[in-house]
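Worksheet for the structure shown next.
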Protein chains: 2
Amino acid sequence: MKNRLKVLRAERDWTQADLADKLEVSRQTINAIEKGKYDPSLPLAFKVARLFEMPIEAIFEDETELEVG
Amino acid sequence: MKNRLKVLRAERDWTQADLADKLEVSRQTINAIEKGKYDPSLPLAFKVARLFEMPIEAIFEDETELEVG
DNA sequence: ACTTTAAGTAAAGCATGCTTGACATTTATA
DNA sequence: TATAAATGTCAAGCATGCTTTACTTAAAGT
């Protein structure tokens with residue numbers, strides 16, 4: 001799953017640690033999500049969306065295949 | 001986290017097993033999410049949103065407190 | 001009443017999300 | 001160049017998401 005965290009941070013001049021603080025997660029969690037090591041949980045995705053005041057879909061981009069079935 | 005899965009299913013006359021099949025997860029997973037036992041992962045939430053053709057926020061409702069900080 | 005279908009629930013196990021602590025690398029700045 | 005700030009990464013451990021198997025309960029149709 002792609003995400004725009006790095007850009008959204010840059011627009012606000014926030015460090016990964018800044019964002020981590022605001023979201024109440026560890027800095028490593030932000031780093032891992034930005035680097036695509038794993039996806040955030042849904043509750044964390046909601047928190048991100050609220051912080052940036054935009055829909056989840058405007059921040060995270062799903063790239064899983066469409067069904068064949 | 002509240003969700004409208006049960007209603008969305010009912011509108012389409014789908015069983016939990018039907019929905020599970022369409023989402024490629026187990027029936028128990030659908031049951032657990034509907035009963036609020038846990039939240040779906042973000043990828044699964046995206047899959048649900050695509051299936052019902054509506055934004056994640058129209059299906060799942062976050063109810064975590066706003067920051068005091 | 002019987003049968004079937006749907007929904008609920010539980011346990012064990014594996015995969016993923018997130019934590020802390022520590023250390024390495026990169027980037028900016030004195 | 002030296003120092004500090006920001007980012008990257010790893011390991012161990014705990015919490016959550018999801019699986020399979022299996023059983024129970026509820027609802028619906030015969």
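Naming works like this for the structure tokens: A, B, ... for the chains as they're shown, residue 1 at the start of each chain, ligands 1 onward in shown order.
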
(request) Do a neighbour search on D:DT3 at 12 Å with only C-alpha atoms (C1' of nucleotides), toss out local chain neighbours closer than 6 positions, and write the hits as a PyMOL selection string. (result) chain C and resi 28-30

Using all heavy atoms, can you write the selected residues to a file as a short mmCIF file (atom, residue, chain, number, x, y, z; two decimals), in the first residue's frame?
```cif
data_model
loop_
_atom_site.label_atom_id
_atom_site.label_comp_id
_atom_site.auth_asym_id
_atom_site.auth_seq_id
_atom_site.Cartn_x
_atom_site.Cartn_y
_atom_site.Cartn_z
P DA C 28 19.92 18.11 3.44
OP1 DA C 28 18.60 18.57 2.96
OP2 DA C 28 21.10 18.10 2.52
"O5'" DA C 28 20.31 18.97 4.73
"C5'" DA C 28 19.40 18.97 5.83
"C4'" DA C 28 20.04 19.73 6.97
"O4'" DA C 28 21.18 18.98 7.46
"C3'" DA C 28 20.55 21.12 6.60
"O3'" DA C 28 20.12 22.01 7.61
"C2'" DA C 28 22.08 20.96 6.59
"C1'" DA C 28 22.27 19.86 7.63
N9 DA C 28 23.47 19.04 7.49
C8 DA C 28 23.92 18.40 6.37
N7 DA C 28 25.02 17.70 6.56
C5 DA C 28 25.31 17.89 7.91
C6 DA C 28 26.35 17.41 8.73
N6 DA C 28 27.33 16.62 8.30
N1 DA C 28 26.34 17.80 10.04
C2 DA C 28 25.35 18.61 10.46
N3 DA C 28 24.32 19.11 9.78
C4 DA C 28 24.36 18.71 8.49
P DT C 29 20.22 23.62 7.40
OP1 DT C 29 18.84 24.16 7.49
OP2 DT C 29 21.04 23.90 6.21
"O5'" DT C 29 21.04 24.08 8.68
"C5'" DT C 29 21.26 23.15 9.74
"C4'" DT C 29 22.51 23.52 10.52
"O4'" DT C 29 23.56 22.52 10.31
"C3'" DT C 29 23.14 24.85 10.12
"O3'" DT C 29 23.73 25.43 11.27
"C2'" DT C 29 24.25 24.42 9.16
"C1'" DT C 29 24.74 23.20 9.94
N1 DT C 29 25.62 22.27 9.21
C2 DT C 29 26.61 21.63 9.91
O2 DT C 29 26.79 21.79 11.10
N3 DT C 29 27.39 20.80 9.17
C4 DT C 29 27.27 20.55 7.81
O4 DT C 29 28.04 19.76 7.25
C5 DT C 29 26.22 21.25 7.13
C7 DT C 29 26.00 21.05 5.66
C6 DT C 29 25.45 22.08 7.85
P DA C 30 24.07 26.99 11.40
OP1 DA C 30 22.90 27.66 12.01
OP2 DA C 30 24.59 27.48 10.11
"O5'" DA C 30 25.25 26.96 12.47
"C5'" DA C 30 25.06 26.17 13.66
"C4'" DA C 30 26.41 25.85 14.29
"O4'" DA C 30 27.09 24.88 13.48
"C3'" DA C 30 27.34 27.05 14.40
"O3'" DA C 30 28.04 27.00 15.62
"C2'" DA C 30 28.29 26.90 13.22
"C1'" DA C 30 28.34 25.39 13.03
N9 DA C 30 28.47 24.99 11.62
C8 DA C 30 27.71 25.41 10.58
N7 DA C 30 28.04 24.88 9.43
C5 DA C 30 29.09 24.02 9.73
C6 DA C 30 29.87 23.16 8.94
N6 DA C 30 29.71 23.01 7.63
N1 DA C 30 30.84 22.45 9.58
C2 DA C 30 30.99 22.60 10.90
N3 DA C 30 30.30 23.38 11.74
C4 DA C 30 29.36 24.07 11.09
#
```

Find the residues of chain A that sit at most 12 Å from chain B; for each, write down the nearest two atoms and how far apart they are in Å, to one decimal. Count only C-alpha atoms. Sort by chain, then by number going up, and give it as CSV.
```
residue,atom,partner,partner_atom,distance
A:Met1,CA,B:Pro43,CA,7.9
A:Lys2,CA,B:Pro43,CA,11.2
A:Asp21,CA,B:Gly69,CA,9.7
A:Lys22,CA,B:Gly69,CA,8.2
A:Leu23,CA,B:Glu67,CA,8.9
A:Glu24,CA,B:Glu67,CA,9.3
A:Tyr38,CA,B:Leu42,CA,10.4
A:Asp39,CA,B:Leu42,CA,6.9
A:Pro40,CA,B:Leu42,CA,6.7
A:Ser41,CA,B:Ser41,CA,5.5
A:Leu42,CA,B:Leu42,CA,4.7
A:Pro43,CA,B:Asp62,CA,7.0
A:Leu44,CA,B:Leu42,CA,9.1
A:Ala45,CA,B:Leu42,CA,7.4
A:Phe46,CA,B:Asp62,CA,6.7
A:Lys47,CA,B:Thr64,CA,8.4
A:Val48,CA,B:Asp62,CA,11.7
A:Ala49,CA,B:Glu57,CA,10.0
A:Arg50,CA,B:Leu66,CA,9.2
A:Leu51,CA,B:Leu66,CA,9.8
A:Met54,CA,B:Glu57,CA,10.6
A:Pro55,CA,B:Glu57,CA,7.5
A:Ile56,CA,B:Ile56,CA,7.3
A:Glu57,CA,B:Pro55,CA,7.5
A:Ala58,CA,B:Pro55,CA,10.4
A:Phe60,CA,B:Leu42,CA,9.2
A:Glu61,CA,B:Phe46,CA,8.9
A:Asp62,CA,B:Phe46,CA,6.7
A:Glu63,CA,B:Pro43,CA,9.0
A:Thr64,CA,B:Pro43,CA,8.0
A:Glu65,CA,B:Lys47,CA,9.7
A:Leu66,CA,B:Lys47,CA,9.0
A:Glu67,CA,B:Lys22,CA,8.4
A:Val68,CA,B:Lys22,CA,10.5
A:Gly69,CA,B:Lys22,CA,8.2
```

Let me see the file: selected residues, C-alpha atoms, as a PDB file, in the first residue's frame.
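Saved to again_10.pdb:
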```
ATOM      1  CA  MET A   1       0.000   0.000   0.000  1.00  0.00           C
ATOM      2  CA  LYS A   2       1.411   3.359  -1.074  1.00  0.00           C
ATOM      3  CA  ASP A  21       4.075  12.302  18.599  1.00  0.00           C
ATOM      4  CA  LYS A  22       0.899  13.711  17.092  1.00  0.00           C
ATOM      5  CA  LEU A  23      -0.356  10.225  16.299  1.00  0.00           C
ATOM      6  CA  GLU A  24       0.841   8.762  19.588  1.00  0.00           C
ATOM      7  CA  TYR A  38       3.781  -2.652   6.681  1.00  0.00           C
ATOM      8  CA  ASP A  39       0.391  -0.984   6.524  1.00  0.00           C
ATOM      9  CA  PRO A  40      -1.085   0.892   9.479  1.00  0.00           C
ATOM     10  CA  SER A  41      -4.009  -0.598  11.349  1.00  0.00           C
ATOM     11  CA  LEU A  42      -7.412   0.827  10.414  1.00  0.00           C
ATOM     12  CA  PRO A  43      -7.642   2.829  13.671  1.00  0.00           C
ATOM     13  CA  LEU A  44      -4.247   4.376  12.992  1.00  0.00           C
ATOM     14  CA  ALA A  45      -5.244   5.147   9.401  1.00  0.00           C
ATOM     15  CA  PHE A  46      -8.314   6.968  10.762  1.00  0.00           C
ATOM     16  CA  LYS A  47      -6.122   8.926  13.144  1.00  0.00           C
ATOM     17  CA  VAL A  48      -3.832   9.941  10.285  1.00  0.00           C
ATOM     18  CA  ALA A  49      -6.831  10.989   8.188  1.00  0.00           C
ATOM     19  CA  ARG A  50      -8.215  13.095  11.013  1.00  0.00           C
ATOM     20  CA  LEU A  51      -4.881  14.738  11.641  1.00  0.00           C
ATOM     21  CA  MET A  54      -8.626  14.348   4.501  1.00  0.00           C
ATOM     22  CA  PRO A  55     -10.167  10.981   3.659  1.00  0.00           C
ATOM     23  CA  ILE A  56      -8.148   7.818   4.155  1.00  0.00           C
ATOM     24  CA  GLU A  57      -8.270   7.236   0.406  1.00  0.00           C
ATOM     25  CA  ALA A  58      -6.504  10.561  -0.156  1.00  0.00           C
ATOM     26  CA  PHE A  60      -3.306   5.666   1.449  1.00  0.00           C
ATOM     27  CA  GLU A  61      -3.574   4.040  -1.947  1.00  0.00           C
ATOM     28  CA  ASP A  62      -4.587   0.437  -2.154  1.00  0.00           C
ATOM     29  CA  GLU A  63      -2.925  -1.522  -4.917  1.00  0.00           C
ATOM     30  CA  THR A  64      -4.374  -5.000  -4.500  1.00  0.00           C
ATOM     31  CA  GLU A  65      -5.658  -6.720  -7.607  1.00  0.00           C
ATOM     32  CA  LEU A  66      -9.315  -6.705  -8.546  1.00  0.00           C
ATOM     33  CA  GLU A  67     -11.179  -9.979  -8.254  1.00  0.00           C
ATOM     34  CA  VAL A  68     -11.370 -12.392 -11.154  1.00  0.00           C
ATOM     35  CA  GLY A  69     -14.176 -14.297  -9.508  1.00  0.00           C
TER      36      GLY A  69
END
```

(request) Please identify every residue of chain C that has at least one atom no more than 9 Å from any atom of chain A, counting only C-alpha atoms (C1' of nucleotides), and report them as a list in words. (result) DT16, DG17, DC18 and DT19 of chain C

(message) Using only C-alpha atoms (C1' of nucleotides), I'd like every residue of chain D that has an atom within 10 Å of chain A; please write them out as a PyMOL selection string.
(response) chain D and resi 5-9+16-17

Save out the residues we just selected, N, CA, C and O atoms (P, O5', C5', C4', C3', O3' and C1' of nucleotides), as a PDB file, in the first residue's frame.
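The resulting file, part-v1.pdb, is shown below:
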```pdb
ATOM      1  P    DA D   5      20.530  18.615  18.239  1.00  0.00           P
ATOM      2  O5'  DA D   5      19.771  18.188  16.904  1.00  0.00           O
ATOM      3  C5'  DA D   5      19.669  19.135  15.848  1.00  0.00           C
ATOM      4  C4'  DA D   5      19.047  18.453  14.656  1.00  0.00           C
ATOM      5  C3'  DA D   5      17.789  17.655  14.979  1.00  0.00           C
ATOM      6  O3'  DA D   5      16.850  17.966  13.963  1.00  0.00           O
ATOM      7  C1'  DA D   5      19.373  16.267  13.919  1.00  0.00           C
ATOM      8  P    DA D   6      15.338  17.383  13.961  1.00  0.00           P
ATOM      9  O5'  DA D   6      15.415  16.246  12.845  1.00  0.00           O
ATOM     10  C5'  DA D   6      15.756  16.615  11.514  1.00  0.00           C
ATOM     11  C4'  DA D   6      15.918  15.356  10.697  1.00  0.00           C
ATOM     12  C3'  DA D   6      14.750  14.373  10.805  1.00  0.00           C
ATOM     13  O3'  DA D   6      14.229  14.193   9.489  1.00  0.00           O
ATOM     14  C1'  DA D   6      16.832  13.268  11.072  1.00  0.00           C
ATOM     15  P    DT D   7      13.002  13.218   9.201  1.00  0.00           P
ATOM     16  O5'  DT D   7      13.747  11.864   8.782  1.00  0.00           O
ATOM     17  C5'  DT D   7      14.674  11.894   7.705  1.00  0.00           C
ATOM     18  C4'  DT D   7      15.402  10.568   7.621  1.00  0.00           C
ATOM     19  C3'  DT D   7      14.495   9.338   7.520  1.00  0.00           C
ATOM     20  O3'  DT D   7      14.779   8.725   6.274  1.00  0.00           O
ATOM     21  C1'  DT D   7      16.258   8.981   9.032  1.00  0.00           C
ATOM     22  P    DG D   8      13.974   7.397   5.808  1.00  0.00           P
ATOM     23  O5'  DG D   8      14.933   6.219   6.307  1.00  0.00           O
ATOM     24  C5'  DG D   8      16.235   6.142   5.791  1.00  0.00           C
ATOM     25  C4'  DG D   8      16.965   4.941   6.396  1.00  0.00           C
ATOM     26  C3'  DG D   8      16.135   3.649   6.394  1.00  0.00           C
ATOM     27  O3'  DG D   8      16.924   2.641   5.786  1.00  0.00           O
ATOM     28  C1'  DG D   8      17.061   4.044   8.537  1.00  0.00           C
ATOM     29  P    DT D   9      16.306   1.221   5.422  1.00  0.00           P
ATOM     30  O5'  DT D   9      16.718   0.335   6.701  1.00  0.00           O
ATOM     31  C5'  DT D   9      18.083   0.289   7.086  1.00  0.00           C
ATOM     32  C4'  DT D   9      18.240  -0.541   8.362  1.00  0.00           C
ATOM     33  C3'  DT D   9      17.279  -1.734   8.476  1.00  0.00           C
ATOM     34  O3'  DT D   9      18.044  -2.891   8.719  1.00  0.00           O
ATOM     35  C1'  DT D   9      17.358  -0.534  10.480  1.00  0.00           C
ATOM     36  P    DT D  16      -4.723  -5.599  21.888  1.00  0.00           P
ATOM     37  O5'  DT D  16      -4.815  -5.933  20.325  1.00  0.00           O
ATOM     38  C5'  DT D  16      -4.332  -4.986  19.400  1.00  0.00           C
ATOM     39  C4'  DT D  16      -4.400  -5.566  18.005  1.00  0.00           C
ATOM     40  C3'  DT D  16      -5.782  -6.091  17.598  1.00  0.00           C
ATOM     41  O3'  DT D  16      -5.999  -5.540  16.312  1.00  0.00           O
ATOM     42  C1'  DT D  16      -4.150  -7.705  17.153  1.00  0.00           C
ATOM     43  P    DG D  17      -7.357  -5.706  15.473  1.00  0.00           P
ATOM     44  O5'  DG D  17      -6.910  -6.761  14.371  1.00  0.00           O
ATOM     45  C5'  DG D  17      -6.026  -6.346  13.345  1.00  0.00           C
ATOM     46  C4'  DG D  17      -5.876  -7.456  12.320  1.00  0.00           C
ATOM     47  C3'  DG D  17      -7.190  -7.987  11.741  1.00  0.00           C
ATOM     48  O3'  DG D  17      -6.921  -8.188  10.362  1.00  0.00           O
ATOM     49  C1'  DG D  17      -5.970  -9.767  12.711  1.00  0.00           C
TER      50       DG D  17
END
```

(message) I need the helix (DSSP H, G or I) residues of chain A per DSSP on the backbone, written as a VMD selection string.
(response) chain A and resid 5 to 12 16 to 23 27 to 34 42 to 52 56 to 58

Pose of chain A fitted onto chain B, C-alpha LSQ, given as a short mmCIF file (atom, residue, chain, number, x, y, z; two decimals) with N, CA, C and O atoms, in the first residue's frame:
```cif
data_model
loop_
_atom_site.label_atom_id
_atom_site.label_comp_id
_atom_site.auth_asym_id
_atom_site.auth_seq_id
_atom_site.Cartn_x
_atom_site.Cartn_y
_atom_site.Cartn_z
N MET A 1 -14.60 0.30 16.96
CA MET A 1 -15.00 0.88 15.69
C MET A 1 -16.33 0.28 15.21
O MET A 1 -16.45 -0.91 15.04
N LYS A 2 -17.30 1.16 15.00
CA LYS A 2 -18.60 0.69 14.48
C LYS A 2 -18.50 0.46 12.97
O LYS A 2 -17.63 1.04 12.32
N ASN A 3 -19.41 -0.36 12.45
CA ASN A 3 -19.44 -0.54 11.00
C ASN A 3 -20.84 -0.90 10.52
O ASN A 3 -21.67 -1.35 11.30
N ARG A 4 -21.05 -0.69 9.24
CA ARG A 4 -22.38 -0.89 8.66
C ARG A 4 -22.47 -2.17 7.84
O ARG A 4 -23.37 -2.32 6.99
N LEU A 5 -21.58 -3.09 8.08
CA LEU A 5 -21.56 -4.31 7.27
C LEU A 5 -22.89 -5.07 7.28
O LEU A 5 -23.37 -5.49 6.23
N LYS A 6 -23.45 -5.21 8.47
CA LYS A 6 -24.69 -5.98 8.57
C LYS A 6 -25.80 -5.37 7.72
O LYS A 6 -26.51 -6.09 7.01
N VAL A 7 -25.91 -4.05 7.76
CA VAL A 7 -26.93 -3.35 6.98
C VAL A 7 -26.64 -3.46 5.48
O VAL A 7 -27.54 -3.77 4.68
N LEU A 8 -25.39 -3.24 5.12
CA LEU A 8 -25.01 -3.30 3.71
C LEU A 8 -25.25 -4.70 3.14
O LEU A 8 -25.68 -4.85 2.00
N ARG A 9 -24.98 -5.70 3.99
CA ARG A 9 -25.27 -7.07 3.59
C ARG A 9 -26.76 -7.27 3.39
O ARG A 9 -27.21 -7.85 2.40
N ALA A 10 -27.52 -6.81 4.37
CA ALA A 10 -28.98 -6.98 4.34
C ALA A 10 -29.59 -6.34 3.09
O ALA A 10 -30.45 -6.93 2.43
N GLU A 11 -29.09 -5.15 2.74
CA GLU A 11 -29.59 -4.45 1.55
C GLU A 11 -29.39 -5.29 0.29
O GLU A 11 -30.14 -5.17 -0.67
N ARG A 12 -28.36 -6.12 0.33
CA ARG A 12 -28.04 -6.95 -0.84
C ARG A 12 -28.47 -8.40 -0.68
O ARG A 12 -28.22 -9.23 -1.55
N ASP A 13 -29.04 -8.69 0.48
CA ASP A 13 -29.47 -10.04 0.81
C ASP A 13 -28.31 -11.04 0.74
O ASP A 13 -28.43 -12.11 0.14
N TRP A 14 -27.20 -10.64 1.33
CA TRP A 14 -26.03 -11.50 1.38
C TRP A 14 -25.87 -12.08 2.79
O TRP A 14 -26.13 -11.38 3.76
N THR A 15 -25.43 -13.31 2.87
CA THR A 15 -25.12 -13.91 4.18
C THR A 15 -23.69 -13.51 4.54
O THR A 15 -22.94 -12.98 3.70
N GLN A 16 -23.32 -13.79 5.77
CA GLN A 16 -21.94 -13.52 6.18
C GLN A 16 -20.99 -14.33 5.32
O GLN A 16 -19.91 -13.86 4.95
N ALA A 17 -21.40 -15.55 5.00
CA ALA A 17 -20.57 -16.43 4.16
C ALA A 17 -20.42 -15.86 2.76
O ALA A 17 -19.33 -15.91 2.17
N ASP A 18 -21.51 -15.29 2.23
CA ASP A 18 -21.45 -14.65 0.90
C ASP A 18 -20.41 -13.54 0.90
O ASP A 18 -19.55 -13.47 0.03
N LEU A 19 -20.52 -12.67 1.91
CA LEU A 19 -19.60 -11.54 1.99
C LEU A 19 -18.16 -12.02 2.17
O LEU A 19 -17.24 -11.51 1.51
N ALA A 20 -18.00 -13.01 3.02
CA ALA A 20 -16.66 -13.58 3.25
C ALA A 20 -16.05 -14.07 1.93
O ALA A 20 -14.88 -13.80 1.65
N ASP A 21 -16.85 -14.76 1.13
CA ASP A 21 -16.38 -15.27 -0.16
C ASP A 21 -15.93 -14.12 -1.06
O ASP A 21 -14.84 -14.16 -1.63
N LYS A 22 -16.77 -13.10 -1.15
CA LYS A 22 -16.45 -11.97 -2.02
C LYS A 22 -15.18 -11.25 -1.59
O LYS A 22 -14.44 -10.73 -2.41
N LEU A 23 -14.95 -11.24 -0.28
CA LEU A 23 -13.78 -10.54 0.25
C LEU A 23 -12.58 -11.47 0.41
O LEU A 23 -11.48 -11.03 0.77
N GLU A 24 -12.81 -12.74 0.15
CA GLU A 24 -11.75 -13.75 0.31
C GLU A 24 -11.18 -13.80 1.72
O GLU A 24 -9.97 -13.84 1.92
N VAL A 25 -12.08 -13.77 2.69
CA VAL A 25 -11.69 -14.00 4.08
C VAL A 25 -12.63 -15.08 4.64
O VAL A 25 -13.57 -15.49 3.95
N SER A 26 -12.37 -15.50 5.85
CA SER A 26 -13.22 -16.54 6.43
C SER A 26 -14.53 -15.94 6.94
O SER A 26 -14.61 -14.74 7.24
N ARG A 27 -15.53 -16.79 7.04
CA ARG A 27 -16.83 -16.36 7.56
C ARG A 27 -16.68 -15.83 8.99
O ARG A 27 -17.33 -14.86 9.39
N GLN A 28 -15.79 -16.47 9.75
CA GLN A 28 -15.58 -16.05 11.14
C GLN A 28 -15.02 -14.64 11.23
O GLN A 28 -15.32 -13.91 12.17
N THR A 29 -14.22 -14.29 10.24
CA THR A 29 -13.66 -12.94 10.22
C THR A 29 -14.78 -11.91 10.05
O THR A 29 -14.82 -10.91 10.78
N ILE A 30 -15.69 -12.17 9.13
CA ILE A 30 -16.83 -11.26 8.93
C ILE A 30 -17.67 -11.17 10.20
O ILE A 30 -18.02 -10.09 10.67
N ASN A 31 -17.93 -12.32 10.79
CA ASN A 31 -18.72 -12.34 12.02
C ASN A 31 -18.05 -11.53 13.12
O ASN A 31 -18.69 -10.71 13.78
N ALA A 32 -16.76 -11.75 13.28
CA ALA A 32 -16.02 -11.05 14.34
C ALA A 32 -16.02 -9.54 14.12
O ALA A 32 -16.20 -8.77 15.06
N ILE A 33 -15.86 -9.11 12.88
CA ILE A 33 -15.85 -7.68 12.58
C ILE A 33 -17.25 -7.09 12.83
O ILE A 33 -17.38 -6.05 13.47
N GLU A 34 -18.27 -7.79 12.34
CA GLU A 34 -19.64 -7.30 12.57
C GLU A 34 -19.96 -7.19 14.04
O GLU A 34 -20.63 -6.25 14.48
N LYS A 35 -19.50 -8.17 14.81
CA LYS A 35 -19.78 -8.18 16.25
C LYS A 35 -18.84 -7.25 17.02
O LYS A 35 -18.91 -7.19 18.25
N GLY A 36 -17.93 -6.59 16.32
CA GLY A 36 -17.03 -5.65 16.98
C GLY A 36 -15.92 -6.30 17.79
O GLY A 36 -15.31 -5.66 18.64
N LYS A 37 -15.63 -7.57 17.50
CA LYS A 37 -14.55 -8.24 18.24
C LYS A 37 -13.19 -7.68 17.88
O LYS A 37 -12.29 -7.62 18.68
N TYR A 38 -13.02 -7.30 16.66
CA TYR A 38 -11.81 -6.57 16.24
C TYR A 38 -12.07 -5.79 14.97
O TYR A 38 -13.10 -5.99 14.31
N ASP A 39 -11.17 -4.89 14.65
CA ASP A 39 -11.27 -4.09 13.43
C ASP A 39 -10.58 -4.81 12.29
O ASP A 39 -9.61 -5.53 12.51
N PRO A 40 -11.04 -4.61 11.06
CA PRO A 40 -10.33 -5.18 9.92
C PRO A 40 -8.99 -4.50 9.74
O PRO A 40 -8.79 -3.39 10.24
N SER A 41 -8.10 -5.15 9.04
CA SER A 41 -6.84 -4.51 8.64
C SER A 41 -7.19 -3.42 7.62
O SER A 41 -8.28 -3.43 7.05
N LEU A 42 -6.26 -2.51 7.37
CA LEU A 42 -6.52 -1.46 6.38
C LEU A 42 -6.73 -2.06 4.99
O LEU A 42 -7.67 -1.66 4.28
N PRO A 43 -5.92 -3.03 4.57
CA PRO A 43 -6.16 -3.64 3.25
C PRO A 43 -7.56 -4.26 3.14
O PRO A 43 -8.21 -4.13 2.10
N LEU A 44 -8.01 -4.91 4.20
CA LEU A 44 -9.34 -5.50 4.14
C LEU A 44 -10.42 -4.41 4.11
O LEU A 44 -11.41 -4.53 3.37
N ALA A 45 -10.20 -3.33 4.85
CA ALA A 45 -11.15 -2.22 4.83
C ALA A 45 -11.25 -1.64 3.41
O ALA A 45 -12.35 -1.31 2.94
N PHE A 46 -10.12 -1.55 2.72
CA PHE A 46 -10.13 -1.05 1.33
C PHE A 46 -10.93 -2.00 0.44
O PHE A 46 -11.69 -1.56 -0.42
N LYS A 47 -10.75 -3.28 0.67
CA LYS A 47 -11.44 -4.28 -0.14
C LYS A 47 -12.96 -4.17 0.06
O LYS A 47 -13.73 -4.26 -0.89
N VAL A 48 -13.35 -3.98 1.31
CA VAL A 48 -14.76 -3.80 1.64
C VAL A 48 -15.31 -2.57 0.93
O VAL A 48 -16.37 -2.60 0.31
N ALA A 49 -14.55 -1.48 1.01
CA ALA A 49 -14.97 -0.21 0.41
C ALA A 49 -15.12 -0.34 -1.10
O ALA A 49 -16.08 0.17 -1.68
N ARG A 50 -14.21 -1.08 -1.71
CA ARG A 50 -14.30 -1.27 -3.16
C ARG A 50 -15.50 -2.11 -3.52
O ARG A 50 -16.19 -1.85 -4.51
N LEU A 51 -15.73 -3.14 -2.72
CA LEU A 51 -16.86 -4.03 -2.99
C LEU A 51 -18.17 -3.26 -2.93
O LEU A 51 -19.03 -3.38 -3.80
N PHE A 52 -18.34 -2.43 -1.92
CA PHE A 52 -19.58 -1.69 -1.75
C PHE A 52 -19.56 -0.35 -2.49
O PHE A 52 -20.53 0.41 -2.45
N GLU A 53 -18.47 -0.08 -3.13
CA GLU A 53 -18.32 1.16 -3.91
C GLU A 53 -18.66 2.41 -3.10
O GLU A 53 -19.45 3.25 -3.53
N MET A 54 -18.05 2.49 -1.92
CA MET A 54 -18.20 3.71 -1.11
C MET A 54 -16.94 3.90 -0.29
O MET A 54 -16.16 2.96 -0.12
N PRO A 55 -16.69 5.14 0.17
CA PRO A 55 -15.48 5.37 0.96
C PRO A 55 -15.46 4.59 2.27
O PRO A 55 -16.52 4.28 2.83
N ILE A 56 -14.28 4.29 2.73
CA ILE A 56 -14.09 3.59 4.00
C ILE A 56 -14.87 4.28 5.11
O ILE A 56 -15.53 3.62 5.92
N GLU A 57 -14.82 5.59 5.12
CA GLU A 57 -15.50 6.37 6.17
C GLU A 57 -17.01 6.22 6.14
O GLU A 57 -17.68 6.54 7.11
N ALA A 58 -17.56 5.76 5.02
CA ALA A 58 -19.00 5.57 4.92
C ALA A 58 -19.40 4.20 5.45
O ALA A 58 -20.58 3.89 5.59
N ILE A 59 -18.42 3.36 5.74
CA ILE A 59 -18.70 2.00 6.19
C ILE A 59 -18.24 1.79 7.63
O ILE A 59 -18.94 1.19 8.44
N PHE A 60 -17.05 2.31 7.92
CA PHE A 60 -16.48 2.16 9.26
C PHE A 60 -16.47 3.52 9.95
O PHE A 60 -16.10 4.52 9.34
N GLU A 61 -16.88 3.52 11.21
CA GLU A 61 -16.90 4.79 11.94
C GLU A 61 -15.97 4.72 13.13
O GLU A 61 -16.18 3.95 14.07
N ASP A 62 -14.96 5.54 13.06
CA ASP A 62 -13.98 5.62 14.14
C ASP A 62 -14.64 6.30 15.34
O ASP A 62 -15.40 7.23 15.20
N GLU A 63 -14.29 5.82 16.52
CA GLU A 63 -14.87 6.44 17.71
C GLU A 63 -13.80 6.67 18.78
O GLU A 63 -14.11 6.70 19.97
N THR A 64 -12.56 6.83 18.33
CA THR A 64 -11.50 7.13 19.30
C THR A 64 -11.54 8.62 19.67
O THR A 64 -11.95 9.45 18.88
N GLU A 65 -11.13 8.88 20.87
CA GLU A 65 -11.18 10.25 21.41
C GLU A 65 -10.29 11.19 20.61
O GLU A 65 -9.28 10.79 20.05
N LEU A 66 -10.62 12.45 20.62
CA LEU A 66 -9.75 13.46 20.04
C LEU A 66 -8.66 13.80 21.04
O LEU A 66 -8.85 13.68 22.25
N GLU A 67 -7.53 14.21 20.49
CA GLU A 67 -6.37 14.53 21.34
C GLU A 67 -6.66 15.65 22.32
O GLU A 67 -7.40 16.57 22.01
N VAL A 68 -6.02 15.59 23.47
CA VAL A 68 -6.04 16.73 24.39
C VAL A 68 -4.80 17.60 24.15
O VAL A 68 -4.82 18.80 24.38
N GLY A 69 -3.77 16.92 23.65
CA GLY A 69 -2.44 17.49 23.57
C GLY A 69 -2.18 18.61 22.68
O GLY A 69 -1.16 19.23 22.72
#
```

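When atom C1' of C:DT3 is paired with atom C1' of D:DA27, their separation reads 12.3 Å.
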